[in-house]
Amino acid sequence: MKTIDKIPTGKISRTGKMVQTGIKVGGNYLKYYSKKALNGDLSRDQLDESNAEDIYNGLKSLKGSALKVAQMLSMEKSLLPNAYVEKFSLAQFSVPPLSAPLVRKTFKKYHGQYPNELFDTFSLDSVNAASIGQVHRATKDGKELAVKIQYPGVADSISSDLAMVKPIAMKMFNLQGKDSERYFKEVEGKLLEETDYVLEVKQSIEISEACKHISNLKFPQYYEDLSSEKIITMDWMNGIHLSDFAKQNRDKDKANKLGQALWDFYMYQMHVLKEVHADPHPGNFLVDKEDNLIAIDFGCIKKVPQDFYEPYFELADKDKINDPELFNEKLFELEILRKEDSPKEIAFFSELFYQMLSLFTAPFHGEEFDFSDEGFWTSVTTLSEKYSKDQELRKMNGNRGSKHFLYINRTFFGLYNLLHDLGATVKINNFKQYS
C-alpha cells in the first residue's frame with residue numbers, strides 16, 4: 001500500500017483539500033446528469049461509486065476527525081447507499097500509513113527517542129492504519145508488542161474539521177439554530193478524548209480489569225511506561241478482525257459464542273459500569289484461534305448519566321412503550337419532546353419515536369434474540385427510508401433528544417450490526433451472572 005510522507009495539518013491546507021474533493025464530486029454530478037439526459041433509465045449506482053471513491057480519497061489523505069466521520073458513517077448501513085458503506089468501511093482499519101521516515105520523526109517528537117532506542121525490535125511498516133493512528137509490531141524483553149502512534153496534527157485539527165462538515169451535517173440531519181451546538185460539542189469532546197492516549201491507556205486498563213471475568217472475552221495488557229500522550233504500547237494479540245471472521249464463518253455455535261461474549265461485554269458496561277466502549281466497529285475486535293473475542297481499543301468511552309440511563313432503558317420495556325401517558329413523560333425527560341412544541345409537533349414526534357423505539361428495542365422484549373433475522377433488518381431499513389423521505393419531518397426542527405443519544409445510539413447500532421454480521425443469537429439477560 002502506498003505510504004504518506006506528509007499530512008495537511010493547517011486549517012487552510014485541510015480546507016483546500018476538502019474544496020478539491022468537492023470539485024471532483026461536482027464533476028461527477030455533471031457527468032451523471034449528462035448521461036441521464038441521453039438515457040433516462042440510468043441508475044445512480046455509478047454516481048454513488050464515483051462520489052464515494054473521491055470523498056474517501058480526500059478524507060484518507062487528511063486522516064484525523066475527517067476520516068473518523070467516514071468511519072462512523074460506514075456503520076450507518078440503513079442510511080447510506082451501499083457504495084458509500086463499502087468504501088467508507090476501509091477507514092475502520094485499512095488506510096494508507098505514514099512512511100518510515102515520518103514514523104521515526106513522529107515517534108521521536110512524541111517520545112523523545114527513536115523507536116529502535118526504546119524497543120529491542122520495531123517494524124517501521126505499519127500493520128494497521130486507521131483514522132487517528134497506526135499500529136506497528138515491536139518486541140521488548142521477549143514480549144511481542146503492538147505500538148500505536150498518533151498521526152501528526154490530529155488533535156489540533158479537530159475543531160476546524162468539524163467546522164467544515166457542520167453545514168453538511170446540519171442539512172443531512174435537519175438541525176436548526178443554536179440548539180444544534182450541543183451535539184457538535186459532544187462530538188468534538190469525544191474526538192479530543194480519542195487523541196489523549198494517556199486517557200485511553202487509563203480507560204483501557206480500568207475496563208479490561210472490570211470485564212476480565214466475562215466468558216470468552218480477552219484484552220491485551222497495557223504498558224504505561226512505554227506509552228505517552230501520543231503513543232500506546234500493549235501486548236500484540238493474535239487473531240483476525242471480527243468482520244473477516246464473520247465473512248468466512250459457517251458455524252452457528254461459534255457465531256453464538258462470540259455474539260454472546262460481545263453482548264455480555266456491552267450490557268455489563270452499560271448496566272453495571274454505566275460507561276461504555278462507544279466505538280463498536282469491526283476494527284476494534286479480533287477473534288483468536290479458540291474463538292475468543294479480543295477487544296483492543298478504548299479511545300472512545302461514553303459515560304452514561306443516571307438521569308439519561310433510567311428513562312432510556314425504561315423505554316426498552318414493552319409495557320411502558322405501550323403506555324401513552326408514561327411514554328410521553330419519558331420523551332420529555334429525554335428531551336425528545338419540549339414544552340414549547342405545538343400539539344402537531346408532539347403528535348408527530350410521539351408517533352415517530354413510538355415506531356422507532358418499538359422496533360429498535362425489540363431485542364429486549366424476550367429472553368433471546370436472533371440478530372440474523374432479516375425481517376428485523378428489513379423493518380429497520382424500511383422505517384429509515386420512510387422518514388428520510390418524509391417532507392413533514394423536513395419542515396420541523398430536527399434538534400431532538402439529549403446529547404447523550406449521539407454515542408449511546410451509535411453504540412447500539414454498531415453492536416446490532418456486528419451481531420447481524422456474525423449471524424448470532426444471544427441470551428439477553430445472560431450478562432447479569434457477572435454483576
# chains A, B, ... in the order shown; residues from 1 in each chain; ligands from 1
$ residues_around --residues "segment 149-151 of chain A" --least-positions-apart "3" --cutoff "7 Å" --atoms "only C-alpha atoms" --output "PyMOL selection string"
chain A and resi 132-135+154+230-232
$ residues_around --residues "segment 108-111 of chain A" --least-positions-apart "5" --cutoff "12 Å" --atoms "only C-alpha atoms" --output "compact mmCIF listing (two decimals) with C-alpha atoms, in the first residue's frame"
# COMPACT_ATOMS: atom_id res chain seq x y z
CA PRO A 101 10.85 8.37 7.78
CA LEU A 102 7.70 10.10 9.02
CA VAL A 103 7.12 7.30 11.55
CA ASN A 116 14.81 1.46 17.90
CA GLU A 117 16.23 3.15 21.03
CA LEU A 118 13.20 2.17 23.13
CA LYS A 148 0.03 2.67 18.27
CA ILE A 149 1.33 6.03 17.05
CA GLN A 150 -1.00 9.01 16.60
CA TYR A 151 -0.86 10.90 13.32
CA PRO A 152 0.72 14.37 13.45
CA GLY A 153 -1.64 17.30 13.94
CA TYR A 197 -3.55 8.42 24.67
CA ASP A 225 5.96 3.10 30.98
CA LEU A 226 6.19 2.52 27.21
CA SER A 227 3.27 4.80 26.41
CA SER A 228 2.82 8.57 26.29
CA GLU A 229 0.34 11.25 25.27
CA LYS A 230 0.51 10.18 21.59
CA ILE A 231 1.84 6.60 21.82
CA ILE A 232 0.26 3.44 23.26
CA THR A 233 2.11 0.17 23.84
$ select_by_dssp --residues "segment 251-287 of chain A" --states "alpha helix (DSSP H)" --output "PyMOL selection string"
chain A and resi 252-268
$ residues_around --residues "Phe119 of chain A" --least-positions-apart "3" --cutoff "10 Å" --atoms "only C-alpha atoms" --output "list in words"
Tyr114, Pro115, Asn116, Phe122, Ala138, Thr139, Lys140, Asp141, Leu145 and Leu226 of chain A
$ write_last_selection --atoms "N, CA, C and O atoms" --output "tab-separated table (two decimals), in the first residue's frame"
chain	number	residue	atom	x	y	z
A	114	TYR	N	14.01	7.62	19.37
A	114	TYR	CA	13.60	6.89	18.17
A	114	TYR	C	13.11	5.51	18.62
A	114	TYR	O	13.54	5.00	19.66
A	115	PRO	N	12.22	4.89	17.85
A	115	PRO	CA	11.66	3.60	18.30
A	115	PRO	C	12.71	2.52	18.53
A	115	PRO	O	12.57	1.71	19.45
A	116	ASN	N	13.78	2.49	17.72
A	116	ASN	CA	14.81	1.46	17.90
A	116	ASN	C	15.63	1.67	19.16
A	116	ASN	O	16.33	0.77	19.63
A	122	PHE	N	11.65	-3.05	16.18
A	122	PHE	CA	10.50	-2.21	15.85
A	122	PHE	C	10.37	-2.18	14.33
A	122	PHE	O	11.29	-1.77	13.63
A	138	ALA	N	6.44	-4.63	17.57
A	138	ALA	CA	7.71	-4.41	18.25
A	138	ALA	C	7.95	-5.54	19.24
A	138	ALA	O	7.03	-6.33	19.54
A	139	THR	N	9.15	-5.63	19.75
A	139	THR	CA	9.46	-6.58	20.83
A	139	THR	C	10.30	-5.87	21.88
A	139	THR	O	11.06	-4.95	21.57
A	140	LYS	N	10.15	-6.33	23.12
A	140	LYS	CA	11.00	-5.84	24.21
A	140	LYS	C	11.00	-6.88	25.32
A	140	LYS	O	9.93	-7.34	25.75
A	141	ASP	N	12.18	-7.24	25.75
A	141	ASP	CA	12.34	-8.21	26.85
A	141	ASP	C	11.56	-9.49	26.58
A	141	ASP	O	10.92	-10.06	27.48
A	145	LEU	N	4.83	-6.94	21.08
A	145	LEU	CA	4.06	-5.75	21.42
A	145	LEU	C	3.42	-5.12	20.18
A	145	LEU	O	3.92	-5.27	19.06
A	226	LEU	N	5.81	2.48	28.63
A	226	LEU	CA	6.19	2.52	27.21
A	226	LEU	C	5.17	3.30	26.39
A	226	LEU	O	5.19	3.26	25.15
$ atom_distance --atom1 "atom CA of Leu98 of chain A" --atom2 "atom CA of Thr3 of chain A"
5.4 Å
$ select_by_dssp --residues "segment 238-403 of chain A" --states "strand (DSSP E)" --output "ChimeraX atom specification"
/A:240-241,275-277,285-287,293-295,301-303,368-370
$ write_last_selection --atoms "all heavy atoms" --output "CSV table (one decimal), in the first residue's frame"
chain,number,residue,atom,x,y,z
A,240,ILE,N,-7.9,-12.6,14.0
A,240,ILE,CA,-8.3,-11.9,12.7
A,240,ILE,C,-9.5,-11.0,13.1
A,240,ILE,O,-10.1,-11.1,14.1
A,240,ILE,CB,-8.8,-12.9,11.7
A,240,ILE,CG1,-10.1,-13.7,12.2
A,240,ILE,CG2,-7.7,-13.9,11.3
A,240,ILE,CD1,-10.7,-14.6,11.2
A,241,HIS,N,-9.6,-9.9,12.3
A,241,HIS,CA,-10.7,-8.9,12.6
A,241,HIS,C,-12.0,-9.6,12.6
A,241,HIS,O,-12.3,-10.6,11.8
A,241,HIS,CB,-10.7,-7.8,11.5
A,241,HIS,CG,-9.6,-6.8,11.8
A,241,HIS,ND1,-8.6,-6.6,10.9
A,241,HIS,CD2,-9.4,-6.0,12.8
A,241,HIS,CE1,-7.8,-5.7,11.3
A,241,HIS,NE2,-8.2,-5.3,12.5
A,275,GLU,N,-20.7,3.1,31.9
A,275,GLU,CA,-19.9,3.7,30.9
A,275,GLU,C,-19.6,2.6,29.9
A,275,GLU,O,-19.5,1.4,30.2
A,275,GLU,CB,-18.6,4.3,31.5
A,275,GLU,CG,-17.7,3.3,32.2
A,275,GLU,CD,-16.4,3.9,32.7
A,275,GLU,OE1,-16.3,5.1,32.6
A,275,GLU,OE2,-15.5,3.2,33.2
A,276,VAL,N,-19.4,3.1,28.6
A,276,VAL,CA,-19.4,2.0,27.5
A,276,VAL,C,-18.5,2.4,26.4
A,276,VAL,O,-18.3,3.6,26.1
A,276,VAL,CB,-20.9,1.9,27.0
A,276,VAL,CG1,-21.4,3.1,26.3
A,276,VAL,CG2,-21.0,0.6,26.1
A,277,HIS,N,-17.8,1.4,25.9
A,277,HIS,CA,-17.0,1.4,24.7
A,277,HIS,C,-17.9,1.8,23.5
A,277,HIS,O,-18.6,1.0,23.0
A,277,HIS,CB,-16.4,0.0,24.5
A,277,HIS,CG,-15.5,-0.2,23.3
A,277,HIS,ND1,-16.0,-0.4,22.0
A,277,HIS,CD2,-14.2,-0.2,23.2
A,277,HIS,CE1,-15.1,-0.6,21.2
A,277,HIS,NE2,-13.9,-0.5,21.9
A,285,PHE,N,-12.1,-5.2,17.2
A,285,PHE,CA,-12.3,-6.5,17.8
A,285,PHE,C,-11.6,-7.6,16.9
A,285,PHE,O,-11.6,-7.5,15.7
A,285,PHE,CB,-13.8,-6.9,17.9
A,285,PHE,CG,-14.5,-6.0,18.9
A,285,PHE,CD1,-15.3,-5.0,18.4
A,285,PHE,CD2,-14.5,-6.3,20.2
A,285,PHE,CE1,-16.0,-4.1,19.3
A,285,PHE,CE2,-15.2,-5.5,21.1
A,285,PHE,CZ,-15.9,-4.4,20.6
A,286,LEU,N,-10.9,-8.5,17.6
A,286,LEU,CA,-10.3,-9.6,16.9
A,286,LEU,C,-10.9,-10.9,17.5
A,286,LEU,O,-11.5,-11.0,18.5
A,286,LEU,CB,-8.8,-9.7,17.3
A,286,LEU,CG,-7.9,-8.4,16.9
A,286,LEU,CD1,-6.5,-8.6,17.4
A,286,LEU,CD2,-8.0,-8.2,15.4
A,287,VAL,N,-10.7,-12.0,16.7
A,287,VAL,CA,-11.1,-13.4,17.1
A,287,VAL,C,-9.9,-14.3,17.1
A,287,VAL,O,-9.2,-14.3,16.1
A,287,VAL,CB,-12.2,-13.9,16.2
A,287,VAL,CG1,-12.6,-15.3,16.6
A,287,VAL,CG2,-13.4,-13.0,16.1
A,293,LEU,N,-13.3,-13.6,21.9
A,293,LEU,CA,-13.3,-12.2,21.4
A,293,LEU,C,-12.3,-11.4,22.1
A,293,LEU,O,-12.1,-11.4,23.3
A,293,LEU,CB,-14.7,-11.6,21.7
A,293,LEU,CG,-15.0,-10.2,21.1
A,293,LEU,CD1,-15.2,-10.2,19.6
A,293,LEU,CD2,-16.3,-9.6,21.8
A,294,ILE,N,-11.5,-10.6,21.3
A,294,ILE,CA,-10.5,-9.7,21.9
A,294,ILE,C,-10.8,-8.3,21.6
A,294,ILE,O,-11.0,-7.9,20.4
A,294,ILE,CB,-9.1,-10.0,21.2
A,294,ILE,CG1,-8.7,-11.5,21.4
A,294,ILE,CG2,-8.0,-9.1,21.9
A,294,ILE,CD1,-7.5,-11.9,20.6
A,295,ALA,N,-11.0,-7.5,22.6
A,295,ALA,CA,-11.3,-6.0,22.5
A,295,ALA,C,-9.9,-5.3,22.6
A,295,ALA,O,-9.2,-5.4,23.6
A,295,ALA,CB,-12.2,-5.6,23.6
A,301,ILE,N,-14.9,6.3,25.1
A,301,ILE,CA,-15.7,5.7,26.2
A,301,ILE,C,-16.7,6.8,26.6
A,301,ILE,O,-16.4,7.9,26.8
A,301,ILE,CB,-14.8,5.4,27.4
A,301,ILE,CG1,-13.8,4.4,27.1
A,301,ILE,CG2,-15.7,5.0,28.6
A,301,ILE,CD1,-14.3,3.0,26.7
A,302,LYS,N,-18.0,6.4,26.6
A,302,LYS,CA,-19.1,7.3,26.9
A,302,LYS,C,-19.7,6.9,28.3
A,302,LYS,O,-20.1,5.8,28.5
A,302,LYS,CB,-20.2,7.1,25.8
A,302,LYS,CG,-21.5,7.9,26.1
A,302,LYS,CD,-21.3,9.4,26.2
A,302,LYS,CE,-22.6,10.1,26.6
A,302,LYS,NZ,-22.3,11.5,26.9
A,303,LYS,N,-19.6,7.9,29.1
A,303,LYS,CA,-20.2,7.7,30.5
A,303,LYS,C,-21.7,7.9,30.3
A,303,LYS,O,-22.2,8.8,29.5
A,303,LYS,CB,-19.7,8.7,31.5
A,303,LYS,CG,-18.2,8.5,31.8
A,303,LYS,CD,-17.7,9.3,32.9
A,303,LYS,CE,-16.2,9.1,33.1
A,303,LYS,NZ,-15.8,7.7,33.4
A,368,GLU,N,-34.3,-14.3,24.4
A,368,GLU,CA,-33.3,-14.4,23.3
A,368,GLU,C,-33.7,-13.6,22.1
A,368,GLU,O,-34.8,-13.2,21.9
A,368,GLU,CB,-33.3,-15.9,22.9
A,368,GLU,CG,-32.5,-16.9,23.8
A,368,GLU,CD,-32.3,-18.2,23.1
A,368,GLU,OE1,-32.8,-18.5,22.0
A,368,GLU,OE2,-31.5,-19.0,23.7
A,369,PHE,N,-32.6,-13.3,21.3
A,369,PHE,CA,-32.9,-12.6,20.1
A,369,PHE,C,-31.9,-13.0,19.0
A,369,PHE,O,-30.7,-13.2,19.3
A,369,PHE,CB,-32.7,-11.1,20.2
A,369,PHE,CG,-33.3,-10.3,19.1
A,369,PHE,CD1,-34.7,-10.1,18.9
A,369,PHE,CD2,-32.4,-9.8,18.1
A,369,PHE,CE1,-35.2,-9.4,17.9
A,369,PHE,CE2,-32.9,-9.1,17.0
A,369,PHE,CZ,-34.3,-8.9,16.9
A,370,ASP,N,-32.5,-13.3,17.8
A,370,ASP,CA,-31.7,-13.8,16.7
A,370,ASP,C,-31.4,-12.6,15.8
A,370,ASP,O,-32.2,-12.1,15.1
A,370,ASP,CB,-32.4,-14.8,15.9
A,370,ASP,CG,-31.6,-15.4,14.7
A,370,ASP,OD1,-30.5,-14.9,14.5
A,370,ASP,OD2,-32.2,-16.2,14.0
